[in-house]
4 protein chains.
Amino acid sequence: MTEERWQRLTYWPLVVASLAFIVAYSWQVIANLQGPDYAIMRAIMAVTWLMFAIDYLVRLGLAAKKGVWFRSHLFDLAVVVLPVLKPLRLVRAITEIQKMSKGDQLRTQAAVLAGGTVAILIWICSLAVLDVERPAPGANILNFGDAIWWAFVTVTTVGYGDLYPITAWGRVVAVVLMSVGIGVVGVVTATTASWFVERAATVSGNDDQETATRGQVRALSRQVEALVKALPQDAEKTLPHHREVEPPQTPS
Amino acid sequence: MTEERWQRLTYWPLVVASLAFIVAYSWQVIANLQGPDYAIMRAIMAVTWLMFAIDYLVRLGLAAKKGVWFRSHLFDLAVVVLPVLKPLRLVRAITEIQKMSKGDQLRTQAAVLAGGTVAILIWICSLAVLDVERPAPGANILNFGDAIWWAFVTVTTVGYGDLYPITAWGRVVAVVLMSVGIGVVGVVTATTASWFVERAATVSGNDDQETATRGQVRALSRQVEALVKALPQDAEKTLPHHREVEPPQTPS
Amino acid sequence: MTEERWQRLTYWPLVVASLAFIVAYSWQVIANLQGPDYAIMRAIMAVTWLMFAIDYLVRLGLAAKKGVWFRSHLFDLAVVVLPVLKPLRLVRAITEIQKMSKGDQLRTQAAVLAGGTVAILIWICSLAVLDVERPAPGANILNFGDAIWWAFVTVTTVGYGDLYPITAWGRVVAVVLMSVGIGVVGVVTATTASWFVERAATVSGNDDQETATRGQVRALSRQVEALVKALPQDAEKTLPHHREVEPPQTPS
Amino acid sequence: MTEERWQRLTYWPLVVASLAFIVAYSWQVIANLQGPDYAIMRAIMAVTWLMFAIDYLVRLGLAAKKGVWFRSHLFDLAVVVLPVLKPLRLVRAITEIQKMSKGDQLRTQAAVLAGGTVAILIWICSLAVLDVERPAPGANILNFGDAIWWAFVTVTTVGYGDLYPITAWGRVVAVVLMSVGIGVVGVVTATTASWFVERAATVSGNDDQETATRGQVRALSRQVEALVKALPQDAEKTLPHHREVEPPQTPS
């Protein structure tokens with residue numbers, strides 16, 4: 001079986017599993033489930049994790065060059081840990097269909113990925129912090145509204161300090177969220193900067209001022225070649241040097 | 001009626017409505033109006049919203065391609081929600097009159113839009129937070145001076161935590177302000193970076209080192225053409241290849 | 001009298017005045033001077049302000065085009081308000097002496113200006129906040145060590161909230177410091193980004209891959225011209241088209 | 001002895017000393033050592049500092065141009081103060097072995113250096129803050145877990161304010177950490193922006209649209225030269241202008 005065929009077969013089951021994961025975790029934490037209900041939700045999450053882990057291992061097994069596959073599928077490894085990130089894979093496919101310049105494609109992908117990752121992480125980290133902080137004595141994040149508010153205050157690096165985690169796991173979640181916050185600021189800025197540099201470089205209406213292209217030089221070279229052919233007959237004979245000169249290809 | 005004519009007719013009424021909106025909301029919140037005075041101010045705001053909503057729908061109706069118009073007028077949708085943003089539309093027109101390089105135009109527009117949006121949002125968010133927090137028990141943002149101070153501390157992502165919203169709506173306002181804060185840092189940085197890249201690329205005083213332009217290659221091509229015409233009469237006849245060679249146009 | 005001569009005459013008096021200003025203000029605030037000592041320090045500061053204001057007005061008067069001079073000397077207006085910024089003017093002169101690429105010059109200027117402005121503003125804002133907060137009841141910034149610590153926490157946008165201004169003027173000082181903090185992050189990032197883009201573009205060791213320069217195209221054009229001159233005598237006569245073709249100048 | 005030989009001889013002893021430094025300091029602070037144990041750890045640290053100082057002075061002595069060496073080895077001066085930074089020197093060597101474009105090399109180096117510096121500084125600053133804060137009355141950073149958490153909250157500029165240094169030295173450590181935080185945000189953004197600009201500039205699949213290269217113009221110039229040689233014999237004689245025209249070298 002090829003990797004492509006495997007991906008077609010597993011596509012919908014994995015998307016459903018990804019949604020089941022987020023619903024189960026949200027329900028468990030927000031409703032503060034106990035006893036058998038808690039066990040059911042945790043079981044759904046465990047099955048989802050297992051599915052994504054198996055999918056990852058199978059695809060790694062099917063890959064011809066395992067080292068190369070591993071390095072170019074780091075995002076898929078993140079998806080195994082956090083199945084909710086799965087839908088973000090769609091962004092790439094969607095932008096490649098659209099008629100856009102290469103730069104706009106990259107920027108749209110970056111904006112959607114950054115925005116999507118932040119939205120998903122705010123939701124998941126709110127659940128996770130509430131999950132670990134609620135039972136801790138002296139904690140101050142005690143309901144989902146507060147947890148979401150804390151996540152926004154953290155990811156934007158505002159950090160009022162009205163709410164903050166006090167358990168070790170709660171702090172690990174916070175560090176992940178802060179790091180993402182810094183990364184997103186970077187991506188937003190970089191995207192905007194790249195767009196500015198590109199737009200500012202386009203001097204509208206005066207094509208003469210634009211940078212000379214390779215195509216132009218090649219056309220000029222063909223003109224000179226035609227000129228050589230147009231020379232008087234006896235000149236043509238004395239052209240031993242011409243053959244050894246290559247046309248101006250771009251050396252790469 | 002064309003969209004252009006509609007815009008000329010509605011221009012001044014909408015600017016006046018935009019100012020009426022901000023004055024009415026500021027007055028209502030800062031003076032903490034109650035009873036009939038409160039109702040009057042809210043009525044003025046409602047009329048303004050209605051005017052901007054009608055303007056938006058009429059222009060959408062007049063547009064030939066509604067989908068394209070919708071996507072290229074997202075800012076106008078934001079103006080319907082927050083009529084105070086209307087005057088920022090003027091920036092584009094003003095910078096296009098000025099004699100500036102394309103890059104400087106873009107940067108001036110970005111700087112004025114970012115600065116204007118931040119100034120307007122700090123004002124509006126201060127009013128909104130004070131409006132929703134003041135009646136809440138246990139709130140700590142209780143007068144307009146504190147609200148403005150809180151807005152600055154939030155938008156710069158400093159977040160001392162001496163003041164912070166405690167109601168759900170107050171927190172929504174805060175999230176909007178934080179997101180704008182991050183965006184503005186990005187735009188400021190990107191603008192500066194673009195200016196640096198452009199300035200650093202201009203090697204002053206040595207034109208020979210600059211990048212070759214399309215205009216230069218075209219002039220060179222005309223020189224070669226003249227050379228072909230200058231060839232001895234009998235050579236001219238043997239030029240069957242010349243016609244099929246196009247001059248070095250920029251292929252686009 | 002020309003502006004240049006005026007600047008040579010006033011150079012050292014103004015630098016001395018600039019230092020007197022910072023020493024007088026530091027002494028007054030840190031030693032918490034009262035009575036006649038306070039009056040002396042304030043008098044020194046007033047004289048300094050007067051000197052810088054007169055210098056500014058004289059130079060504005062000497063300028064031929066007052067509008068142009070005003071727009072290109074906005075930094076000098078800032079120096080009138082805060083004479084301590086005067087020494088930063090030296091940076092430009094120093095970097096222009098050094099043998100550096102244009103890009104490195106710009107980046108060094110940006111780094112020194114950003115760093116110098118931040119250092120001076122942290123010092124001045126610490127003094128100012130301490131000056132206005134100390135007498136206020138309920139204030140928490142009560143000694144110079146705390147004020148400096150507060151300034152660093154604010155300018156980096158960390159904002160712990162252990163110390164914060166509570167008076168209106170203290171908050172105005174804080175807003176200035178925060179805005180500078182955001183601006184400096186932008187300049188640091190932009191400088192680094194510009195350096196990266198420039199370095200990454202330099203493909204070491206393969207000159208053939210670099211972008212074609214205007215100088216190259218001009219040399220090529222001279223070669224073609226020489227070729228025209230080298231044509232058989234009778235061809236030379238049939239060159240009516242050649243004269244109307246200009247050499248490939250860069251149209252600008 | 002040459003500098004190269006000295007570096008080969010001292011390489012492993014210095015790496016071991018660098019590790020001994022971090023282990024000794026971590027042990028001393030985390031286990032809160034007192035009496036003789038404290039003295040032993042401090043002695044190990046003192047020896048390490050001495051080794052790095054001697055290494056620096058010997059290499060400065062071996063250098064031919066001391067001024068140039070000093071300016072191009074500022075990182076080595078930082079390593080004398082903080083021997084733990086030594087391993088970061090390896091990054092440069094590693095990336096230069098890899099087959100990467102110049103831009104990717106720079107970006108990998110920047111990412112690893114920024115990441116490594118932040119990781120090491122978070123660890124060292126946590127130890128340092130705990131070391132100076134623990135004995136201070138009224139301090140709130142009292143165990144290593146809290147110190148690490150405080151370091152993350154500070155370096156990301158979130159600054160909740162649940163924990164903060166109160167001693168002068170603790171605040172100096174904090175200022176170093178905050179400044180690094182700002183610098184890292186800048187480097188992350190700049191790296192991303194540079195990558196965007198480079199990727200967006202690569203128009204895939206249409207080589208004709210790329211910028212003309214110097215190699216292309218040189219090839220074209222050789223074509224014209226061949227043409228001159230191919231001219232009828234009598235024309236060759238009338239070529240006095242040709243010799244004084246240089247081929248289109250890139251003037252640099």
# chains A, B, ... in the order shown; residues from 1 in each chain; ligands from 1

$ residues_around --residues "Asp37 of chain A" --least-positions-apart "6" --cutoff "12 Å" --atoms "only C-alpha atoms" --output "list in words"
Ala24, Tyr25, Trp27, Gln28, Val29, Ala31, Ala43 and Ile44 of chain A

$ atom_distance --atom1 "atom CA of Leu33 of chain D" --atom2 "atom CA of Ala136 of chain D"
16.6 Å

$ select_by_dssp --residues "segment 118-198 of chain A" --states "helix (DSSP H, G or I)" --output "PyMOL selection string"
chain A and resi 118-133+144-155+168-198

$ residues_around --residues "Val175 of chain D" --least-positions-apart "2" --cutoff "9 Å" --atoms "only C-alpha atoms" --output "PDB file with C-alpha atoms, in the first residue's frame"
ATOM      1  CA  TRP C 149      13.631  49.439  38.647  1.00  0.00           C
ATOM      2  CA  PHE C 152      13.169  49.080  33.392  1.00  0.00           C
ATOM      3  CA  VAL C 153      10.119  46.917  34.132  1.00  0.00           C
ATOM      4  CA  THR C 156      10.621  46.271  28.510  1.00  0.00           C
TER       5      THR C 156
ATOM      6  CA  GLY D 170      18.040  40.357  42.015  1.00  0.00           C
ATOM      7  CA  ARG D 171      16.782  43.325  40.025  1.00  0.00           C
ATOM      8  CA  VAL D 172      20.029  43.542  38.033  1.00  0.00           C
ATOM      9  CA  VAL D 173      19.601  39.871  37.089  1.00  0.00           C
ATOM     10  CA  LEU D 177      16.811  38.681  31.523  1.00  0.00           C
ATOM     11  CA  MET D 178      14.267  41.261  30.246  1.00  0.00           C
ATOM     12  CA  SER D 179      16.747  42.751  27.788  1.00  0.00           C
ATOM     13  CA  VAL D 180      17.501  39.271  26.452  1.00  0.00           C
TER      14      VAL D 180
END

$ residues_around --residues "segment 114-116 of chain A" --least-positions-apart "6" --cutoff "12 Å" --atoms "only C-alpha atoms" --output "mmCIF file with N, CA and C atoms, in the first residue's frame"
data_model
loop_
_atom_site.group_PDB
_atom_site.id
_atom_site.type_symbol
_atom_site.label_atom_id
_atom_site.label_comp_id
_atom_site.auth_asym_id
_atom_site.auth_seq_id
_atom_site.Cartn_x
_atom_site.Cartn_y
_atom_site.Cartn_z
ATOM 1 N N VAL A 84 -5.990 17.921 17.886
ATOM 2 C CA VAL A 84 -6.844 19.041 17.463
ATOM 3 C C VAL A 84 -6.188 19.860 16.364
ATOM 4 N N LEU A 85 -4.844 19.764 16.255
ATOM 5 C CA LEU A 85 -4.147 20.563 15.248
ATOM 6 C C LEU A 85 -4.352 20.013 13.837
ATOM 7 N N LYS A 86 -4.879 18.771 13.752
ATOM 8 C CA LYS A 86 -5.071 18.112 12.450
ATOM 9 C C LYS A 86 -5.711 19.021 11.387
ATOM 10 N N PRO A 87 -6.862 19.683 11.668
ATOM 11 C CA PRO A 87 -7.523 20.474 10.614
ATOM 12 C C PRO A 87 -6.630 21.557 10.008
ATOM 13 N N LEU A 88 -5.597 22.011 10.735
ATOM 14 C CA LEU A 88 -4.727 23.069 10.206
ATOM 15 C C LEU A 88 -3.968 22.605 8.964
ATOM 16 N N ARG A 89 -3.817 21.278 8.802
ATOM 17 C CA ARG A 89 -3.164 20.736 7.603
ATOM 18 C C ARG A 89 -3.878 21.170 6.324
ATOM 19 N N LEU A 90 -5.184 21.425 6.442
ATOM 20 C CA LEU A 90 -5.992 21.771 5.270
ATOM 21 C C LEU A 90 -5.557 23.086 4.641
ATOM 22 N N VAL A 91 -5.032 24.008 5.459
ATOM 23 C CA VAL A 91 -4.700 25.354 4.991
ATOM 24 C C VAL A 91 -3.813 25.310 3.751
ATOM 25 N N LEU A 106 2.233 32.316 0.671
ATOM 26 C CA LEU A 106 3.012 32.133 1.897
ATOM 27 C C LEU A 106 2.409 32.922 3.045
ATOM 28 N N ARG A 107 2.051 34.194 2.763
ATOM 29 C CA ARG A 107 1.534 35.058 3.816
ATOM 30 C C ARG A 107 0.169 34.589 4.306
ATOM 31 N N THR A 108 -0.709 34.159 3.370
ATOM 32 C CA THR A 108 -2.016 33.652 3.783
ATOM 33 C C THR A 108 -1.836 32.415 4.651
ATOM 34 N N ILE A 122 -5.309 28.528 22.724
ATOM 35 C CA ILE A 122 -5.999 29.252 23.796
ATOM 36 C C ILE A 122 -7.086 28.357 24.400
ATOM 37 N N TRP A 123 -7.855 27.689 23.520
ATOM 38 C CA TRP A 123 -8.930 26.816 23.987
ATOM 39 C C TRP A 123 -8.373 25.647 24.805
ATOM 40 N N VAL A 155 -1.261 34.971 26.365
ATOM 41 C CA VAL A 155 -0.753 34.812 25.006
ATOM 42 C C VAL A 155 -0.377 36.168 24.388
ATOM 43 N N VAL A 180 4.252 30.520 22.452
ATOM 44 C CA VAL A 180 3.440 30.686 21.252
ATOM 45 C C VAL A 180 3.121 32.164 21.045
ATOM 46 N N GLY A 181 2.812 32.868 22.135
ATOM 47 C CA GLY A 181 2.522 34.303 22.044
ATOM 48 C C GLY A 181 3.656 35.049 21.370
ATOM 49 N N ILE A 182 4.895 34.813 21.815
ATOM 50 C CA ILE A 182 6.057 35.470 21.225
ATOM 51 C C ILE A 182 6.216 35.091 19.752
ATOM 52 N N GLY A 183 6.038 33.785 19.481
ATOM 53 C CA GLY A 183 6.170 33.318 18.106
ATOM 54 C C GLY A 183 5.162 33.984 17.187
ATOM 55 N N VAL A 184 3.918 34.127 17.673
ATOM 56 C CA VAL A 184 2.864 34.711 16.839
ATOM 57 C C VAL A 184 3.157 36.178 16.551
ATOM 58 N N VAL A 185 3.609 36.936 17.570
ATOM 59 C CA VAL A 185 3.982 38.325 17.323
ATOM 60 C C VAL A 185 5.024 38.376 16.210
ATOM 61 N N GLY A 186 5.986 37.455 16.281
ATOM 62 C CA GLY A 186 7.028 37.405 15.258
ATOM 63 C C GLY A 186 6.463 37.134 13.877
ATOM 64 N N VAL A 187 5.558 36.165 13.778
ATOM 65 C CA VAL A 187 5.004 35.803 12.473
ATOM 66 C C VAL A 187 4.151 36.942 11.920
ATOM 67 N N VAL A 188 3.325 37.558 12.789
ATOM 68 C CA VAL A 188 2.496 38.690 12.345
ATOM 69 C C VAL A 188 3.385 39.796 11.787
ATOM 70 N N THR A 189 4.434 40.135 12.535
ATOM 71 C CA THR A 189 5.331 41.195 12.101
ATOM 72 C C THR A 189 6.030 40.820 10.801
ATOM 73 N N ALA A 190 6.544 39.601 10.737
ATOM 74 C CA ALA A 190 7.290 39.173 9.562
ATOM 75 C C ALA A 190 6.405 39.181 8.320
ATOM 76 N N THR A 191 5.162 38.714 8.492
ATOM 77 C CA THR A 191 4.233 38.692 7.368
ATOM 78 C C THR A 191 3.988 40.110 6.862
ATOM 79 N N SER B 179 -5.198 42.597 21.239
ATOM 80 C CA SER B 179 -4.925 42.123 19.884
ATOM 81 C C SER B 179 -4.441 43.283 19.033
#

$ closest_residue --among "B:Leu60, B:Leu127, B:Val158, B:Leu163" --to "chain C" --atoms "only C-alpha atoms"
B:Val158

$ closest_residue --among "A:Ala147, A:Ala111, A:Ala193, A:Leu9" --to "chain C" --atoms "only C-alpha atoms"
A:Ala193

$ atom_distance --atom1 "atom CA of Leu142 of chain B" --atom2 "atom CA of Asp162 of chain B"
12.6 Å

$ atom_distance --atom1 "atom CA of Ser126 of chain A" --atom2 "atom CA of Gly159 of chain B"
19.7 Å

$ closest_residue --among "A:Ile148, A:Val129, A:Arg214, A:Glu3" --to "Trp69 of chain A" --atoms "only C-alpha atoms"
A:Glu3

$ residues_around --residues "Asn140 of chain A" --least-positions-apart "4" --cutoff "9 Å" --atoms "only C-alpha atoms" --output "VMD selection string"
chain A and resid 133 to 134 146 162 to 166

$ closest_residue --among "B:Met1, B:Val118, B:Ala110, B:Val15" --to "chain A" --atoms "only C-alpha atoms"
B:Ala110

$ closest_residue --among "A:Ala168, A:Ala151, A:Ile54, A:Val47" --to "chain B" --atoms "only C-alpha atoms"
A:Ala151
